[in-house]
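One file, start.csv, is given below (CSV, C-alpha atoms).
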chain,number,residue,atom,x,y,z
A,268,MET,CA,168.6,60.0,131.6
A,269,SER,CA,169.9,59.3,128.2
A,270,ARG,CA,167.9,59.4,125.0
A,271,GLY,CA,167.9,55.6,124.7
A,272,SER,CA,166.6,55.0,128.2
A,273,SER,CA,163.6,57.4,127.6
A,274,GLY,CA,162.6,55.3,124.6
A,275,PHE,CA,162.9,52.2,126.7
A,276,VAL,CA,160.6,53.7,129.5
A,277,ALA,CA,158.0,54.7,126.9
A,278,GLY,CA,158.0,51.2,125.5
A,279,LEU,CA,157.5,49.7,129.0
A,280,THR,CA,154.7,52.2,129.6
A,281,ALA,CA,152.9,51.3,126.4
A,282,ALA,CA,153.3,47.5,127.2
A,283,ALA,CA,151.9,48.1,130.7
A,284,LEU,CA,148.9,50.0,129.4
A,285,GLY,CA,148.2,47.2,126.9
A,286,VAL,CA,148.4,44.5,129.7
A,287,VAL,CA,146.0,46.6,131.9
A,288,GLY,CA,143.6,47.1,129.0
A,289,PHE,CA,143.6,43.3,128.3
A,290,LEU,CA,143.0,42.4,131.9
A,291,ALA,CA,140.2,45.0,132.2
A,292,TYR,CA,138.5,43.5,129.1
A,293,GLN,CA,138.8,39.9,130.5
A,294,ALA,CA,137.5,41.0,133.9
A,295,SER,CA,134.4,42.7,132.4
A,296,ALA,CA,133.7,39.7,130.2
A,297,ASN,CA,133.8,37.3,133.2
A,298,ALA,CA,132.1,39.5,135.8
A,299,PRO,CA,129.1,38.0,137.6
A,300,ASP,CA,125.7,39.4,136.6
A,301,SER,CA,125.4,41.2,139.9
A,302,VAL,CA,128.3,43.6,139.0
A,303,ALA,CA,128.3,43.4,135.2
A,304,VAL,CA,126.8,46.2,133.0
A,305,PRO,CA,123.2,45.1,132.2
A,306,LYS,CA,122.9,43.5,128.7
A,307,PRO,CA,119.9,44.3,126.5
A,308,LYS,CA,117.1,41.8,126.9
A,309,THR,CA,116.3,39.8,123.8
A,310,SER,CA,113.5,37.5,122.9
A,311,SER,CA,113.7,34.3,121.0
A,312,SER,CA,110.7,35.3,118.9
A,313,ALA,CA,111.7,38.8,117.9
A,314,PRO,CA,114.9,40.8,117.7
A,315,ALA,CA,115.6,43.4,120.4
A,316,THR,CA,114.4,46.8,119.2
A,317,GLY,CA,114.9,49.0,122.3
A,318,ASP,CA,111.2,49.5,122.9
A,319,ASP,CA,108.7,47.6,124.9
A,320,LYS,CA,105.7,47.9,122.5
A,321,PRO,CA,103.8,44.7,121.8
A,322,LYS,CA,104.6,43.2,118.4
A,323,ASP,CA,102.0,42.6,115.7
A,324,ASP,CA,102.1,38.9,114.8
A,325,LYS,CA,100.6,39.4,111.3
A,326,PRO,CA,103.0,39.4,108.4
A,327,LYS,CA,103.6,42.9,107.0
A,328,ASP,CA,102.3,41.9,103.5
A,329,GLU,CA,99.0,40.6,104.9
A,330,LYS,CA,96.2,43.1,104.2
A,331,PRO,CA,92.8,43.2,105.9
A,332,PRO,CA,90.0,41.6,103.9
A,333,ALA,CA,88.3,43.9,101.4
A,334,ALA,CA,84.9,45.3,102.2
A,335,LEU,CA,81.8,43.7,100.6
A,336,PRO,CA,81.3,45.7,97.3
A,337,VAL,CA,78.4,48.1,97.4
A,338,GLY,CA,75.6,47.2,95.1
A,339,SER,CA,76.4,43.5,95.2
A,340,GLY,CA,72.8,42.4,95.7
A,341,THR,CA,70.7,41.4,98.7
A,342,GLY,CA,69.8,38.2,100.5
A,343,LYS,CA,71.9,35.0,100.6
A,344,ARG,CA,74.5,35.1,97.9
A,345,VAL,CA,78.1,34.5,96.9
A,346,VAL,CA,79.9,37.7,95.7
A,347,TYR,CA,82.9,37.3,93.4
A,348,ALA,CA,85.0,40.4,92.7
A,349,LEU,CA,87.1,39.8,89.6
A,350,GLU,CA,89.7,42.6,90.1
A,351,ASP,CA,90.1,42.0,93.8
A,352,ARG,CA,90.2,38.2,93.4
A,353,GLN,CA,88.0,38.0,96.5
A,354,VAL,CA,84.8,36.1,97.4
A,355,TRP,CA,82.3,36.9,100.1
A,356,LEU,CA,79.7,34.4,101.4
A,357,VAL,CA,76.8,36.6,102.5
A,358,ASP,CA,73.9,35.2,104.6
A,359,ALA,CA,70.2,35.9,104.2
A,360,ALA,CA,70.5,38.8,106.7
A,361,GLY,CA,73.2,40.5,104.5
A,362,ASP,CA,76.0,39.7,106.9
A,363,VAL,CA,79.4,38.4,105.6
A,364,ALA,CA,79.8,34.9,106.9
A,365,ARG,CA,83.2,34.5,105.3
A,366,THR,CA,85.5,36.2,102.9
A,367,PHE,CA,88.7,34.9,101.2
A,368,GLU,CA,91.0,35.4,98.2
A,369,VAL,CA,90.8,33.2,95.1
A,370,MET,CA,92.9,32.6,92.0
A,371,PRO,CA,90.8,33.4,88.9
A,372,SER,CA,90.5,31.1,85.9
A,373,THR,CA,91.6,32.3,82.4
A,374,LEU,CA,87.9,32.7,81.5
A,375,SER,CA,85.7,34.9,83.6
A,376,PRO,CA,82.0,35.6,83.3
A,377,GLN,CA,80.8,39.1,82.7
A,378,PRO,CA,79.6,41.0,85.8
A,379,GLY,CA,76.1,40.1,86.7
A,380,THR,CA,74.0,37.7,88.7
A,381,TYR,CA,74.2,34.0,88.1
A,382,GLU,CA,73.0,30.8,90.0
A,383,VAL,CA,74.7,27.7,91.1
A,384,VAL,CA,73.5,25.5,88.2
A,385,THR,CA,74.8,22.0,88.5
A,386,PRO,CA,74.5,19.3,91.1
A,387,ARG,CA,77.6,19.3,93.2
A,388,GLN,CA,80.1,16.5,92.8
A,389,GLY,CA,81.2,14.3,95.7
A,390,PRO,CA,84.5,12.7,94.8
A,391,PRO,CA,87.5,14.6,93.4
A,392,THR,CA,87.5,15.1,89.6
A,393,LYS,CA,89.9,16.5,87.0
A,394,GLY,CA,89.5,20.3,86.3
A,395,SER,CA,89.8,22.0,82.9
A,396,ASP,CA,93.5,22.6,83.7
A,397,GLY,CA,94.2,18.9,84.5
A,398,VAL,CA,94.5,19.4,88.2
A,399,MET,CA,92.5,17.2,90.6
A,400,ILE,CA,89.8,19.3,92.3
A,401,GLU,CA,87.1,18.9,94.8
A,402,HIS,CA,84.0,20.9,95.9
A,403,VAL,CA,83.0,22.1,92.5
A,404,VAL,CA,80.3,24.8,92.5
A,405,ARG,CA,79.5,25.7,88.9
A,406,PHE,CA,77.6,28.9,88.1
A,407,ALA,CA,78.4,30.1,84.5
A,408,THR,CA,79.6,29.1,81.0
A,409,VAL,CA,82.1,31.1,79.0
A,410,GLU,CA,83.1,30.1,75.5
A,411,GLY,CA,81.7,26.7,76.1
A,412,VAL,CA,83.7,26.2,79.3
A,413,SER,CA,82.0,25.7,82.7
A,414,VAL,CA,83.1,28.3,85.2
A,415,GLY,CA,82.9,27.5,88.9
A,416,PHE,CA,84.6,27.6,92.2
A,417,SER,CA,86.8,24.6,93.3
A,418,ALA,CA,89.7,23.7,95.4
A,419,ALA,CA,92.7,21.7,94.2
A,420,VAL,CA,93.1,18.5,96.2
A,421,ASP,CA,96.8,19.3,96.7
A,422,GLY,CA,95.8,22.7,98.2
A,423,SER,CA,97.6,24.7,95.5
A,424,MET,CA,96.3,28.0,94.1
A,425,LYS,CA,98.7,28.4,91.1
A,426,SER,CA,98.0,30.9,88.3
A,427,PRO,CA,96.4,29.1,85.4
A,428,ASP,CA,98.3,28.5,82.2
A,429,PRO,CA,97.2,31.5,80.0
A,430,SER,CA,97.3,29.4,76.9
A,431,LEU,CA,94.5,27.2,78.2
A,432,LYS,CA,90.8,27.9,78.4
A,433,THR,CA,90.1,27.2,82.0
A,434,GLY,CA,87.0,27.9,84.2
A,435,GLY,CA,88.2,26.9,87.7
A,436,VAL,CA,88.2,29.7,90.2
A,437,ARG,CA,90.6,28.2,92.8
A,438,MET,CA,90.6,28.7,96.6
A,439,SER,CA,92.1,26.9,99.6
A,440,ARG,CA,90.6,23.6,100.7
A,441,ALA,CA,89.2,25.2,103.8
A,442,ASP,CA,87.5,27.9,101.8
A,443,GLY,CA,86.3,25.3,99.3
A,444,ASP,CA,84.7,23.3,102.2
A,445,ALA,CA,82.9,26.5,103.4
A,446,LEU,CA,81.7,27.5,100.0
A,447,TRP,CA,80.5,23.9,99.2
A,448,GLU,CA,78.4,23.9,102.4
A,449,PHE,CA,77.1,27.5,101.8
A,450,ALA,CA,76.1,27.4,98.1
A,451,PRO,CA,73.7,24.6,97.0
A,452,VAL,CA,72.0,24.7,93.6
A,453,HIS,CA,70.1,27.9,92.9
A,454,THR,CA,72.2,30.0,95.3
A,455,ASN,CA,72.9,33.4,93.7
A,456,VAL,CA,76.4,34.2,92.6
A,457,VAL,CA,76.9,37.9,92.0
A,458,VAL,CA,80.0,38.7,89.9
A,459,VAL,CA,81.3,42.3,90.2
A,460,PRO,CA,84.2,43.9,88.3

Translate this file's structure into C-alpha coordinates.
Amino acid sequence: MSRGSSGFVAGLTAAALGVVGFLAYQASANAPDSVAVPKPKTSSSAPATGDDKPKDDKPKDEKPPAALPVGSGTGKRVVYALEDRQVWLVDAAGDVARTFEVMPSTLSPQPGTYEVVTPRQGPPTKGSDGVMIEHVVRFATVEGVSVGFSAAVDGSMKSPDPSLKTGGVRMSRADGDALWEFAPVHTNVVVVP
(Lines of atoms letter the chains of each structure in order from A and count residues from 1; the text may use other names and numbers.)
(Lines give C-alpha, C1' and ligand atoms only; values in the text may rest on other atoms or scores of the structure.)
Protein backbone atom coordinates (compact mmCIF):
# COMPACT_ATOMS: atom_id res chain seq x y z
CA MET A 1 0.00 0.00 0.00
CA SER A 2 1.36 3.38 -0.95
CA ARG A 3 1.78 6.33 1.33
CA GLY A 4 -1.11 8.20 -0.34
CA SER A 5 -3.54 5.34 0.11
CA SER A 6 -2.83 5.07 3.87
CA GLY A 7 -3.75 8.75 4.29
CA PHE A 8 -6.92 8.13 2.32
CA VAL A 9 -7.87 5.18 4.58
CA ALA A 10 -7.19 7.26 7.71
CA GLY A 11 -9.45 9.99 6.38
CA LEU A 12 -12.24 7.50 5.65
CA THR A 13 -11.86 6.02 9.14
CA ALA A 14 -12.11 9.46 10.78
CA ALA A 15 -15.19 10.30 8.70
CA ALA A 16 -16.81 6.98 9.59
CA LEU A 17 -16.18 7.55 13.31
CA GLY A 18 -17.71 11.03 13.02
CA VAL A 19 -20.84 9.63 11.35
CA VAL A 20 -21.17 6.88 13.99
CA GLY A 21 -20.78 9.47 16.80
CA PHE A 22 -23.43 11.72 15.25
CA LEU A 23 -25.86 8.81 14.79
CA ALA A 24 -25.29 7.66 18.40
CA TYR A 25 -26.02 11.20 19.65
CA GLN A 26 -29.24 11.39 17.63
CA ALA A 27 -30.35 7.94 18.80
CA SER A 28 -29.85 8.83 22.48
CA ALA A 29 -31.68 12.14 22.10
CA ASN A 30 -34.70 10.45 20.51
CA ALA A 31 -34.78 7.25 22.57
CA PRO A 32 -38.10 6.44 24.31
CA ASP A 33 -38.20 7.01 28.10
CA SER A 34 -38.23 3.24 28.69
CA VAL A 35 -34.64 2.88 27.35
CA ALA A 36 -33.21 6.38 27.81
CA VAL A 37 -30.84 7.32 30.63
CA PRO A 38 -32.99 8.74 33.46
CA LYS A 39 -33.06 12.53 33.54
CA PRO A 40 -32.92 14.40 36.87
CA LYS A 41 -36.33 15.29 38.24
CA THR A 42 -37.08 18.99 38.42
CA SER A 43 -39.84 20.93 40.05
CA SER A 44 -41.45 24.06 38.69
CA SER A 45 -41.23 25.66 42.14
CA ALA A 46 -37.57 25.01 42.92
CA PRO A 47 -34.42 24.16 41.00
CA ALA A 48 -33.11 20.60 41.17
CA THR A 49 -30.50 20.30 43.90
CA GLY A 50 -29.83 16.58 43.94
CA ASP A 51 -31.34 16.04 47.38
CA ASP A 52 -34.86 15.20 48.45
CA LYS A 53 -34.99 17.38 51.58
CA PRO A 54 -38.11 19.52 51.94
CA LYS A 55 -37.57 23.16 51.10
CA ASP A 56 -38.21 26.03 53.52
CA ASP A 57 -40.71 28.41 51.92
CA LYS A 58 -39.58 31.42 53.99
CA PRO A 59 -37.34 33.98 52.30
CA LYS A 60 -33.74 33.72 53.50
CA ASP A 61 -33.70 37.32 54.76
CA GLU A 62 -36.83 36.86 56.88
CA LYS A 63 -35.88 36.59 60.52
CA PRO A 64 -38.04 35.25 63.32
CA PRO A 65 -39.78 37.89 65.44
CA ALA A 66 -37.73 39.29 68.28
CA ALA A 67 -38.57 38.16 71.80
CA LEU A 68 -40.54 40.49 74.04
CA PRO A 69 -37.96 42.67 75.85
CA VAL A 70 -37.34 41.74 79.48
CA GLY A 71 -38.48 44.45 81.90
CA SER A 72 -41.09 45.86 79.51
CA GLY A 73 -43.82 46.08 82.13
CA THR A 74 -46.78 43.96 83.15
CA GLY A 75 -50.41 43.66 82.21
CA LYS A 76 -52.02 44.77 78.96
CA ARG A 77 -49.67 47.05 77.05
CA VAL A 78 -48.08 48.01 73.76
CA VAL A 79 -44.29 47.60 73.80
CA TYR A 80 -42.25 49.63 71.30
CA ALA A 81 -38.53 48.85 70.93
CA LEU A 82 -36.77 51.79 69.29
CA GLU A 83 -33.59 50.03 68.10
CA ASP A 84 -35.35 46.85 66.97
CA ARG A 85 -38.13 48.81 65.24
CA GLN A 86 -40.55 46.26 66.68
CA VAL A 87 -43.92 46.46 68.44
CA TRP A 88 -45.56 43.82 70.64
CA LEU A 89 -49.22 43.80 71.67
CA VAL A 90 -49.26 42.13 75.08
CA ASP A 91 -52.55 41.01 76.64
CA ALA A 92 -53.53 41.25 80.33
CA ALA A 93 -52.10 37.77 81.03
CA GLY A 94 -48.72 38.87 79.69
CA ASP A 95 -48.95 36.85 76.46
CA VAL A 96 -47.87 38.38 73.15
CA ALA A 97 -51.00 38.67 71.02
CA ARG A 98 -49.12 40.05 68.00
CA THR A 99 -45.71 41.42 67.09
CA PHE A 100 -44.61 43.31 63.99
CA GLU A 101 -41.97 45.60 62.56
CA VAL A 102 -42.50 49.34 62.25
CA MET A 103 -40.81 52.30 60.57
CA PRO A 104 -39.91 54.89 63.24
CA SER A 105 -40.60 58.58 62.90
CA THR A 106 -37.79 61.16 62.94
CA LEU A 107 -38.76 62.08 66.51
CA SER A 108 -38.90 59.35 69.14
CA PRO A 109 -39.95 59.55 72.78
CA GLN A 110 -37.50 58.71 75.53
CA PRO A 111 -37.75 55.17 76.93
CA GLY A 112 -40.49 54.99 79.56
CA THR A 113 -44.18 54.27 80.05
CA TYR A 114 -46.80 56.38 78.28
CA GLU A 115 -50.56 56.12 77.72
CA VAL A 116 -52.67 56.34 74.61
CA VAL A 117 -53.87 59.92 75.12
CA THR A 118 -56.13 61.10 72.35
CA PRO A 119 -59.42 59.88 71.01
CA ARG A 120 -58.82 57.73 68.00
CA GLN A 121 -59.76 59.16 64.65
CA GLY A 122 -62.12 57.44 62.24
CA PRO A 123 -61.52 58.71 58.70
CA PRO A 124 -58.02 58.96 57.18
CA THR A 125 -56.12 62.17 57.88
CA LYS A 126 -52.84 63.74 56.78
CA GLY A 127 -49.78 62.82 58.88
CA SER A 128 -46.98 65.17 59.92
CA ASP A 129 -45.06 64.01 56.81
CA GLY A 130 -47.97 64.80 54.46
CA VAL A 131 -48.92 61.13 53.88
CA MET A 132 -52.58 60.12 54.25
CA ILE A 133 -52.84 57.85 57.31
CA GLU A 134 -55.42 55.85 59.24
CA HIS A 135 -55.72 54.23 62.67
CA VAL A 136 -53.80 56.89 64.58
CA VAL A 137 -52.93 55.89 68.16
CA ARG A 138 -51.12 58.84 69.80
CA PHE A 139 -49.16 58.34 73.01
CA ALA A 140 -46.48 61.06 73.38
CA THR A 141 -45.31 64.52 72.35
CA VAL A 142 -41.71 65.31 71.38
CA GLU A 143 -40.60 68.86 70.52
CA GLY A 144 -44.23 69.90 70.12
CA VAL A 145 -44.99 67.07 67.66
CA SER A 146 -47.47 64.31 68.51
CA VAL A 147 -45.95 60.84 68.31
CA GLY A 148 -48.15 57.87 67.59
CA PHE A 149 -48.67 54.71 65.63
CA SER A 150 -50.39 54.86 62.25
CA ALA A 151 -50.66 53.13 58.91
CA ALA A 152 -50.33 54.85 55.55
CA VAL A 153 -53.51 54.47 53.50
CA ASP A 154 -51.39 53.40 50.51
CA GLY A 155 -49.73 50.70 52.66
CA SER A 156 -46.23 52.19 52.38
CA MET A 157 -43.67 52.15 55.19
CA LYS A 158 -41.07 54.51 53.72
CA SER A 159 -38.25 55.98 55.79
CA PRO A 160 -39.28 59.49 56.81
CA ASP A 161 -37.53 62.55 55.40
CA PRO A 162 -34.83 63.26 58.03
CA SER A 163 -35.16 67.02 57.43
CA LEU A 164 -38.77 66.96 58.76
CA LYS A 165 -39.97 66.67 62.34
CA THR A 166 -42.35 63.75 62.11
CA GLY A 167 -44.09 61.70 64.79
CA GLY A 168 -45.69 58.88 62.81
CA VAL A 169 -44.49 55.37 63.67
CA ARG A 170 -45.63 53.51 60.56
CA MET A 171 -46.79 49.94 60.20
CA SER A 172 -48.67 47.84 57.66
CA ARG A 173 -52.40 48.39 57.35
CA ALA A 174 -53.13 44.94 58.84
CA ASP A 175 -50.92 45.69 61.84
CA GLY A 176 -52.51 49.14 62.10
CA ASP A 177 -55.97 47.51 62.25
CA ALA A 178 -54.80 45.17 65.03
CA LEU A 179 -53.20 47.94 67.09
CA TRP A 180 -56.25 50.18 66.62
CA GLU A 181 -58.52 47.50 68.08
CA PHE A 182 -56.06 46.57 70.84
CA ALA A 183 -55.13 50.00 72.25
CA PRO A 184 -57.96 52.35 73.23
CA VAL A 185 -57.33 55.52 75.27
CA HIS A 186 -55.39 54.89 78.54
CA THR A 187 -53.68 51.73 77.24
CA ASN A 188 -50.05 51.70 78.40
CA VAL A 189 -47.34 52.11 75.77
CA VAL A 190 -43.92 51.03 77.03
CA VAL A 191 -41.03 52.42 75.01
CA VAL A 192 -37.73 50.58 75.39
CA PRO A 193 -34.34 51.43 73.84

Might you pull out every residue within 9 Å of Phe406 in chain A, with only C-alpha atoms counted and same-chain residues fewer than 5 positions away left off, and present them as a ChimeraX atom specification? /A:381-385,413-416,452-453,455-456

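The two atoms in question, CA of Ser426 in chain A and CA of Ala348 in chain A, are spaced 16.7 Å apart.
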
One decimal place gives the CA of Thr408 in chain A-CA of Gly422 in chain A separation as 24.5 Å

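Using only C-alpha atoms, the contacts of range 330-347 of chain A at a cut-off of 7 Å, with sequence neighbours closer than 4 positions omitted, comprise Gln353, Val354, Trp355, Leu356, Val357, Asp358, Ala359, Ala360, Gly361, Thr454, Asn455, Val456, Val457, Val458 and Val459 of chain A.
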
Could you tell me how far CA of Val398 in chain A lies from CA of Thr373 in chain A, in Å and to one decimal?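 A separation of 14.4 Å between them.
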